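Engineer: I have a structure I would like to understand better, so I am pasting it below and will then ask my questions one at a time.
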Amino acid sequence: MKKNILTIAFLATASLAFVACDSEKKSETAEETAGIPDGTMNVDLASSEVNWEGTMVGMYSHSGDVKLTDGSVTITDGKITGGNFAVDLTTINPTDENYDAEKDRTPEKLVGHLSSDDFFAVEQHPKATFEITGSEGSTVMGNLTVRGKTNPEEVKNVSITEEGGKVTMTGDLTFDRTKYDVSFKHPMQEMVLSNDVEMKVKLVASN
């Protein structure tokens, strides 16, 4: 009998602790999203940015940025529920220092190669777009279109803050370039180009 009473007491205590913990998390979430207005806001192109990085496995990486052309974000109850943004691939801008002119590795040559049919075929497909379909926790789901190919992707580690009437959203988007026919392989077998393209997205929006 005593064993049953102890078991019931333990389960009751555990249940109360779970409820208290869940309530605490909900309270923290409410505090984080407090003050963020509902509605659809336009992206401030001058304040927003998209940074990218591609890696030559075991050797070096290249990084840079690309400009946005347009965008909007819909927020409901502090959550991102819709929207979209587009980047202009004609503005690919390397910012790293992994170049060597003597070995014919220059920023200009990298941009030319990334713009070619080997990679993003910029002349035929000057824009890449991301259509937001919803969010769950710190992940925003959507459809990414590159070179006319569309696949579902996720922006992870999303953070939303509000200050001075502007809402700032940041997150990480990593996609497999081969799913979008960006399938260039380095001719030297020991130089393997990673299939993952990493992007850090920062959107600043206001009504």
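Residues in the structure tokens are named by chain (A, B, ... in the order shown) and by number from 1 within that chain; ligands are numbered from 1 in the order shown.
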Neighbouring residues of Lys202 of chain A were defined as those with any atom within 10 Å, considering only C-alpha atoms; residues of the same chain fewer than 3 positions away were excluded. Please report them as a ChimeraX atom specification.
Structural biologist: /A:43,47-51,158-159,168-172,199,205
Engineer: Produce a file of the selected residues containing N, CA, C and O atoms, as a PDB file, in the first residue's frame.
Structural biologist:
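Dumped to selection-v5.pdb:
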```
ATOM      1  N   VAL A  43       9.980  44.284 -46.591  1.00  0.00           N
ATOM      2  CA  VAL A  43      11.384  44.171 -46.212  1.00  0.00           C
ATOM      3  C   VAL A  43      12.136  45.431 -46.610  1.00  0.00           C
ATOM      4  O   VAL A  43      11.997  45.920 -47.733  1.00  0.00           O
ATOM      5  N   SER A  47      18.570  47.694 -45.273  1.00  0.00           N
ATOM      6  CA  SER A  47      18.985  47.194 -43.958  1.00  0.00           C
ATOM      7  C   SER A  47      19.105  45.675 -43.913  1.00  0.00           C
ATOM      8  O   SER A  47      19.725  45.128 -42.990  1.00  0.00           O
ATOM      9  N   SER A  48      18.505  44.989 -44.865  1.00  0.00           N
ATOM     10  CA  SER A  48      18.519  43.528 -44.884  1.00  0.00           C
ATOM     11  C   SER A  48      19.744  43.011 -45.629  1.00  0.00           C
ATOM     12  O   SER A  48      20.348  43.734 -46.430  1.00  0.00           O
ATOM     13  N   GLU A  49      20.108  41.772 -45.349  1.00  0.00           N
ATOM     14  CA  GLU A  49      21.280  41.219 -46.030  1.00  0.00           C
ATOM     15  C   GLU A  49      21.223  39.691 -46.078  1.00  0.00           C
ATOM     16  O   GLU A  49      20.609  39.044 -45.234  1.00  0.00           O
ATOM     17  N   VAL A  50      21.886  39.145 -47.100  1.00  0.00           N
ATOM     18  CA  VAL A  50      22.031  37.695 -47.241  1.00  0.00           C
ATOM     19  C   VAL A  50      23.508  37.411 -47.475  1.00  0.00           C
ATOM     20  O   VAL A  50      24.094  37.906 -48.437  1.00  0.00           O
ATOM     21  N   ASN A  51      24.104  36.639 -46.571  1.00  0.00           N
ATOM     22  CA  ASN A  51      25.510  36.257 -46.698  1.00  0.00           C
ATOM     23  C   ASN A  51      25.602  34.778 -47.060  1.00  0.00           C
ATOM     24  O   ASN A  51      24.783  33.978 -46.607  1.00  0.00           O
ATOM     25  N   VAL A 158      15.943  30.654 -36.185  1.00  0.00           N
ATOM     26  CA  VAL A 158      15.314  31.948 -36.465  1.00  0.00           C
ATOM     27  C   VAL A 158      15.091  32.736 -35.177  1.00  0.00           C
ATOM     28  O   VAL A 158      14.612  32.204 -34.177  1.00  0.00           O
ATOM     29  N   SER A 159      15.462  33.996 -35.231  1.00  0.00           N
ATOM     30  CA  SER A 159      15.256  34.905 -34.107  1.00  0.00           C
ATOM     31  C   SER A 159      14.471  36.111 -34.603  1.00  0.00           C
ATOM     32  O   SER A 159      14.742  36.620 -35.697  1.00  0.00           O
ATOM     33  N   THR A 168      13.256  42.674 -36.870  1.00  0.00           N
ATOM     34  CA  THR A 168      14.438  42.042 -37.463  1.00  0.00           C
ATOM     35  C   THR A 168      14.352  40.536 -37.281  1.00  0.00           C
ATOM     36  O   THR A 168      14.124  40.047 -36.178  1.00  0.00           O
ATOM     37  N   MET A 169      14.530  39.814 -38.372  1.00  0.00           N
ATOM     38  CA  MET A 169      14.493  38.349 -38.368  1.00  0.00           C
ATOM     39  C   MET A 169      15.791  37.813 -38.927  1.00  0.00           C
ATOM     40  O   MET A 169      16.221  38.239 -39.999  1.00  0.00           O
ATOM     41  N   THR A 170      16.435  36.924 -38.191  1.00  0.00           N
ATOM     42  CA  THR A 170      17.676  36.316 -38.659  1.00  0.00           C
ATOM     43  C   THR A 170      17.544  34.790 -38.627  1.00  0.00           C
ATOM     44  O   THR A 170      16.780  34.237 -37.827  1.00  0.00           O
ATOM     45  N   GLY A 171      18.287  34.120 -39.489  1.00  0.00           N
ATOM     46  CA  GLY A 171      18.236  32.654 -39.522  1.00  0.00           C
ATOM     47  C   GLY A 171      19.263  32.085 -40.483  1.00  0.00           C
ATOM     48  O   GLY A 171      19.911  32.827 -41.234  1.00  0.00           O
ATOM     49  N   ASP A 172      19.429  30.766 -40.429  1.00  0.00           N
ATOM     50  CA  ASP A 172      20.416  30.068 -41.257  1.00  0.00           C
ATOM     51  C   ASP A 172      19.722  29.141 -42.257  1.00  0.00           C
ATOM     52  O   ASP A 172      18.883  28.326 -41.864  1.00  0.00           O
ATOM     53  N   MET A 199      23.822  29.876 -46.032  1.00  0.00           N
ATOM     54  CA  MET A 199      23.398  31.276 -46.119  1.00  0.00           C
ATOM     55  C   MET A 199      22.923  31.762 -44.757  1.00  0.00           C
ATOM     56  O   MET A 199      22.247  31.037 -44.028  1.00  0.00           O
ATOM     57  N   ALA A 205      12.113  44.453 -41.457  1.00  0.00           N
ATOM     58  CA  ALA A 205      10.839  44.824 -42.071  1.00  0.00           C
ATOM     59  C   ALA A 205      10.060  45.804 -41.197  1.00  0.00           C
ATOM     60  O   ALA A 205      10.260  45.881 -39.988  1.00  0.00           O
TER      61      ALA A 205
END
```
Engineer: Please report, as a VMD selection string, each residue of segment 41-100 of chain A to which DSSP assigns strand (DSSP E) when run on this structure's backbone.
Structural biologist: chain A and resid 41 to 43 49 to 57 60 to 76 79 to 94
Engineer: Neighbours of segment 130-137 of chain A within 6 Å (only C-alpha atoms; same-chain residues fewer than 4 positions away dropped), as a list in words?
Structural biologist: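 Contacts, with the query itself left out: Ile80, Thr81, Gly82, Gly83, Asn84, Phe85, Met141, Gly142, Asn143 and Leu144 of chain A.
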Engineer: Those same residues, written as an mmCIF file, in the first residue's frame with C-alpha atoms?
Structural biologist:
```
data_model
loop_
_atom_site.group_PDB
_atom_site.id
_atom_site.type_symbol
_atom_site.label_atom_id
_atom_site.label_comp_id
_atom_site.auth_asym_id
_atom_site.auth_seq_id
_atom_site.Cartn_x
_atom_site.Cartn_y
_atom_site.Cartn_z
ATOM 1 C CA ILE A 80 6.230 34.040 -39.116
ATOM 2 C CA THR A 81 3.320 32.627 -41.112
ATOM 3 C CA GLY A 82 4.016 33.792 -44.638
ATOM 4 C CA GLY A 83 5.992 36.021 -46.948
ATOM 5 C CA ASN A 84 8.817 35.797 -49.426
ATOM 6 C CA PHE A 85 12.117 37.307 -50.441
ATOM 7 C CA MET A 141 9.622 26.418 -43.678
ATOM 8 C CA GLY A 142 9.351 27.405 -47.319
ATOM 9 C CA ASN A 143 10.077 26.708 -50.970
ATOM 10 C CA LEU A 144 13.431 27.723 -52.423
#
```
Engineer: So that I can see what lies close to Gln124 of chain A, please list as a PyMOL selection string the residues with an atom at most 12 Å from it, counting only C-alpha atoms and leaving out residues fewer than 3 positions away in the same chain.
Structural biologist: chain A and resi 89-90+115-117+119-121+127-128+146-148
Engineer: Can you write just those residues out, N, CA and C atoms, as a tab-separated table (two decimals), in the first residue's frame?
Structural biologist:
```tsv
chain	number	residue	atom	x	y	z
A	89	LEU	N	21.08	37.51	-58.16
A	89	LEU	CA	22.32	36.76	-58.30
A	89	LEU	C	23.35	37.48	-59.17
A	90	THR	N	22.94	38.56	-59.81
A	90	THR	CA	23.93	39.36	-60.56
A	90	THR	C	24.76	40.22	-59.62
A	115	SER	N	28.59	32.59	-61.82
A	115	SER	CA	27.51	33.09	-62.69
A	115	SER	C	27.29	32.23	-63.92
A	116	SER	N	28.24	31.33	-64.21
A	116	SER	CA	28.18	30.53	-65.43
A	116	SER	C	27.21	29.35	-65.29
A	117	ASP	N	27.07	28.61	-66.37
A	117	ASP	CA	26.19	27.44	-66.37
A	117	ASP	C	26.70	26.33	-65.44
A	119	PHE	N	27.40	26.75	-62.44
A	119	PHE	CA	26.79	27.00	-61.15
A	119	PHE	C	25.37	27.55	-61.28
A	120	PHE	N	25.21	28.88	-61.19
A	120	PHE	CA	23.86	29.44	-61.06
A	120	PHE	C	23.23	29.94	-62.37
A	121	ALA	N	23.95	29.85	-63.48
A	121	ALA	CA	23.39	30.25	-64.78
A	121	ALA	C	22.65	31.57	-64.65
A	127	LYS	N	17.48	35.55	-60.60
A	127	LYS	CA	16.94	35.63	-59.24
A	127	LYS	C	16.82	34.25	-58.60
A	128	ALA	N	16.98	34.24	-57.27
A	128	ALA	CA	16.64	33.08	-56.46
A	128	ALA	C	15.60	33.56	-55.46
A	146	VAL	N	15.87	27.99	-57.26
A	146	VAL	CA	17.17	28.35	-57.83
A	146	VAL	C	17.28	27.69	-59.19
A	147	ARG	N	17.69	28.44	-60.20
A	147	ARG	CA	17.80	27.93	-61.58
A	147	ARG	C	16.49	27.30	-62.06
A	148	GLY	N	15.37	27.84	-61.61
A	148	GLY	CA	14.07	27.35	-62.03
A	148	GLY	C	13.63	26.08	-61.34
```
Engineer: Can you tell me, as a ChimeraX atom specification, what residues are no more than 7 Å from Lys166 of chain A when counting only C-alpha atoms, ignoring any on the same chain fewer than 3 positions away?
Structural biologist: /A:162-163,204-206
Engineer: How would the residues just picked look written out with all heavy atoms as a tab-separated table (two decimals), in the first residue's frame?
Structural biologist:
```tsv
chain	number	residue	atom	x	y	z
A	162	GLU	N	12.06	43.18	-32.09
A	162	GLU	CA	11.42	44.43	-32.52
A	162	GLU	C	12.07	45.60	-31.81
A	162	GLU	O	12.33	45.55	-30.60
A	162	GLU	CB	9.93	44.38	-32.20
A	162	GLU	CG	9.12	45.54	-32.79
A	162	GLU	CD	9.17	46.79	-31.93
A	162	GLU	OE1	9.41	46.66	-30.70
A	162	GLU	OE2	8.97	47.90	-32.45
A	163	GLU	N	12.37	46.64	-32.58
A	163	GLU	CA	12.94	47.85	-31.99
A	163	GLU	C	12.64	49.04	-32.89
A	163	GLU	O	12.87	48.99	-34.09
A	163	GLU	CB	14.45	47.70	-31.81
A	163	GLU	CG	15.09	48.88	-31.11
A	163	GLU	CD	16.58	48.69	-30.86
A	163	GLU	OE1	17.10	47.60	-31.18
A	163	GLU	OE2	17.20	49.63	-30.34
A	204	VAL	N	15.00	42.85	-42.31
A	204	VAL	CA	14.48	43.93	-41.49
A	204	VAL	C	13.23	44.45	-42.18
A	204	VAL	O	13.26	44.82	-43.35
A	204	VAL	CB	15.51	45.07	-41.33
A	204	VAL	CG1	14.94	46.19	-40.48
A	204	VAL	CG2	16.80	44.53	-40.72
A	205	ALA	N	12.11	44.45	-41.46
A	205	ALA	CA	10.84	44.82	-42.07
A	205	ALA	C	10.06	45.80	-41.20
A	205	ALA	O	10.26	45.88	-39.99
A	205	ALA	CB	9.99	43.57	-42.33
A	206	SER	N	9.20	46.56	-41.84
A	206	SER	CA	8.34	47.49	-41.12
A	206	SER	C	7.08	47.75	-41.93
A	206	SER	O	7.03	47.46	-43.14
A	206	SER	CB	9.06	48.82	-40.86
A	206	SER	OG	9.46	49.42	-42.10
```
Engineer: Just how far from atom CA of Asp44 of chain A is atom CA of Val111 of chain A, in Å to one decimal?
Structural biologist: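 The value is 25.6 Å.
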Engineer: Separation of atom CA of Asp96 of chain A and atom CA of Val140 of chain A, in Å?
Structural biologist: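 Going from atom CA of Asp96 of chain A over to atom CA of Val140 of chain A, I get 28.2 Å.
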Engineer: So, with only C-alpha atoms as the atoms that count, which of A:Thr55, A:Ser138, A:Asp70, A:Asp104 lies closest to Asp196 of chain A?
Structural biologist: A:Thr55
Engineer: From the options A:Ile92, A:Arg177, A:Leu203, A:Phe184, which residue's atoms come nearest to Gly71 of chain A, counting only C-alpha atoms?
Structural biologist: A:Leu203
Engineer: If you run DSSP over the backbone, which residues in segment 5-161 of chain A end up helix (DSSP H, G or I)? Put them as a ChimeraX atom specification.
Structural biologist: /A:5-33,101-103,107-115
Engineer: Can you measure atom CA of Val201 of chain A to atom CA of Ile36 of chain A for me? One decimal in Å is fine.
Structural biologist: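 Distance reported for this atom pair: 19.0 Å.
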